[in-house]
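S.K.: I have a structure here, written as structure tokens, and I will follow up with some questions on it.
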Amino acid sequence: MLNKTASLLLIPQEQLTLANAHESAELNRYRRLALSFLPQAPQVSRLMASLGLQCEKRMDTLRRIAVRLELEACVDAPPMDSPSFELTHRHMFVADDGMAGQLLDQAIFAAVESKRFFTWLLETNATPELHQAFIDFVTEKEAESRVLLEFREHQWAPIALRHA
């Protein structure tokens, strides 16, 4: 029986464009989260900023591969609007513990969805130059999900937001 996913293969231009747009959206999301948590929970802000740096590294990897494949235009163009996994855009800054918990839950959900996205790219990949990068990205996204979940479960619960 043929797997439906196995019958779909994306060309390198599609994969580079999709992956770059996705990581660009992820970077912007983590930057917004870092800013949102900064005044009340700097430890969470630092975590989000660190995860954003990982997005930048993945985008650099995609750029290097695109140069080798002579497909720089796929990663140089401004990314199209990609779907956001954020469910709400209520406030700019975290106002209370409930809101912080909700934003952390959304960040976990988005990280899991991001891992699924890169798993799909890996499954639809027919470009050898992208294979190892996508394996690495799936592994990194799994770690990202785990870090966020562990932070939410073990470190966030006992931390109260600092109120001035």
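Numbering starts fresh at 1 for the residues of each chain in the structure tokens, the chains themselves are lettered A, B, ... in the order given, and ligands are numbered from 1 as they appear.
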If DSSP is run on the backbone, what residues of region 4-153 of chain A are helix (DSSP H, G or I)? A reply as a ChimeraX atom specification would be ideal.
M.R.: /A:5-7,12-37,42-68,73-76,97-123,128-153
S.K.: Which residues of region 25-55 of chain A sit at most 10 Å from region 134-143 of chain A, using only C-alpha atoms? Give each one's shortest atom pair and distance in Å (one decimal place), in chain and ascending residue order, as a Markdown table.
M.R.:
```
| residue | atom | partner | partner_atom | distance |
| --- | --- | --- | --- | --- |
| A:Leu51 | CA | A:Lys141 | CA | 9.9 |
| A:Gln54 | CA | A:Glu140 | CA | 8.5 |
| A:Cys55 | CA | A:Phe137 | CA | 9.6 |
```
S.K.: Between A:Arg146, A:Arg46, A:Arg152, A:Arg31, which has the minimum distance to Leu104 (chain A) (counting only C-alpha atoms)?
M.R.: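 Closest residue, counting only C-alpha atoms: A:Arg152.
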S.K.: Do you know which residues are at most 9 Å from Glu123 (chain A) counting only C-alpha atoms, after dropping those on the same chain fewer than 2 positions away, and could you put them as a ChimeraX atom specification?
M.R.: /A:5-6,8-9,118-121,125-126
S.K.: Please, could you write that set of residues out with N, CA, C and O atoms as a compact mmCIF listing (two decimals), in the first residue's frame?
M.R.:
```txt
# COMPACT_ATOMS: atom_id res chain seq x y z
N THR A 5 1.75 10.40 1.62
CA THR A 5 2.83 11.37 1.73
C THR A 5 3.98 11.01 0.80
O THR A 5 4.58 11.88 0.20
N ALA A 6 4.27 9.73 0.69
CA ALA A 6 5.40 9.30 -0.15
C ALA A 6 5.17 9.66 -1.61
O ALA A 6 6.12 9.83 -2.37
N LEU A 8 3.89 12.40 -2.67
CA LEU A 8 4.05 13.84 -2.83
C LEU A 8 5.48 14.23 -2.55
O LEU A 8 5.99 14.01 -1.44
N LEU A 9 6.14 14.76 -3.55
CA LEU A 9 7.50 15.24 -3.37
C LEU A 9 7.54 16.69 -3.81
O LEU A 9 7.00 17.05 -4.86
N PHE A 118 8.10 20.49 9.88
CA PHE A 118 9.40 20.04 9.38
C PHE A 118 9.43 18.53 9.16
O PHE A 118 10.15 18.06 8.27
N THR A 119 8.67 17.78 9.90
CA THR A 119 8.55 16.35 9.63
C THR A 119 7.92 16.14 8.26
O THR A 119 8.38 15.31 7.47
N TRP A 120 6.90 16.93 7.95
CA TRP A 120 6.25 16.85 6.64
C TRP A 120 7.24 17.24 5.53
O TRP A 120 7.31 16.57 4.50
N LEU A 121 8.02 18.32 5.75
CA LEU A 121 9.02 18.69 4.75
C LEU A 121 10.03 17.58 4.54
O LEU A 121 10.43 17.30 3.41
N ASN A 125 10.63 15.43 0.96
CA ASN A 125 11.91 15.91 0.42
C ASN A 125 12.49 14.91 -0.58
O ASN A 125 12.57 13.72 -0.32
N ALA A 126 12.92 15.45 -1.72
CA ALA A 126 13.62 14.64 -2.72
C ALA A 126 14.98 15.26 -3.05
O ALA A 126 15.62 14.88 -4.02
```
S.K.: Listing only residues of region 120-154 of chain A within 12 Å of region 63-71 of chain A, what is the closest atom pair and its distance in Å (to one decimal) for each, using only C-alpha atoms, sorted by chain and residue number ascending, as a Markdown table?
M.R.:
```
| residue | atom | partner | partner_atom | distance |
| --- | --- | --- | --- | --- |
| A:Thr127 | CA | A:Leu69 | CA | 9.9 |
| A:Pro128 | CA | A:Ile65 | CA | 10.5 |
| A:Glu129 | CA | A:Ile65 | CA | 6.8 |
| A:Leu130 | CA | A:Ile65 | CA | 7.2 |
| A:His131 | CA | A:Ile65 | CA | 10.7 |
| A:Gln132 | CA | A:Ile65 | CA | 10.8 |
| A:Ala133 | CA | A:Ile65 | CA | 8.9 |
| A:Phe134 | CA | A:Ile65 | CA | 11.4 |
```
S.K.: So which one's closest to Ser114 (chain A), A:Arg32, A:His154, A:His22, A:Lys57? Using only C-alpha atoms, please.
M.R.: A:His22
S.K.: Counting only C-alpha atoms, which of A:Leu149, A:Val44, A:Leu62, A:Ala110 gets nearest to Ala19 (chain A)?
M.R.: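 Selected residue with least distance to Ala19 (chain A): A:Leu62.
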S.K.: Looking at only C-alpha atoms, which of A:Asp97, A:Glu113, A:Ile108, A:Gln40 is the one that sits closest to Glu150 (chain A)?
M.R.: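 Once distances to Glu150 (chain A) are computed over only C-alpha atoms, the minimum belongs to A:Ile108.
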S.K.: Rank nothing, just name the residue among A:Thr61, A:Gln155, A:Ser145, A:Ser50 nearest to Leu16 (chain A), using only C-alpha atoms.
M.R.: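 Closest candidate: A:Thr61.
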S.K.: Quick one, how far is CA of Asp96 (chain A) from CA of Gln43 (chain A)?
M.R.: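 Going from CA of Asp96 (chain A) over to CA of Gln43 (chain A) covers 15.0 Å.
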S.K.: Residues within 10 Å of Asn20 (chain A), please, as a list in words. Count only C-alpha atoms; anything in the same chain fewer than 2 positions from it doesn't count.
M.R.: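 After dropping sequence-adjacent residues, the list is Glu14, Gln15, Leu16, Thr17, Leu18, His22, Glu23, Ser24, Ala25, Glu26, Cys55, Glu56, Arg58, Met59, Asp60, Thr61, Leu62, Arg63, Cys74, Val75, Asp76, Ala77, Pro78, Pro79 and Met80 of chain A.
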S.K.: In terms of the shortest atom-to-atom distance over only C-alpha atoms, which of A:Met92, A:Glu153, A:Met99, A:Glu144 is closest to Leu53 (chain A)?
M.R.: A:Glu144
S.K.: Could you jot down the CA of Gly98 (chain A) to CA of Phe117 (chain A) separation for me, Å, one decimal place?
M.R.: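 Those two atoms sit 28.6 Å apart.
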S.K.: Could you check how far CA of Ser36 (chain A) sits from CA of Lys115 (chain A), in Å to one decimal?
M.R.: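 Here the two named atoms are 23.5 Å from each other.
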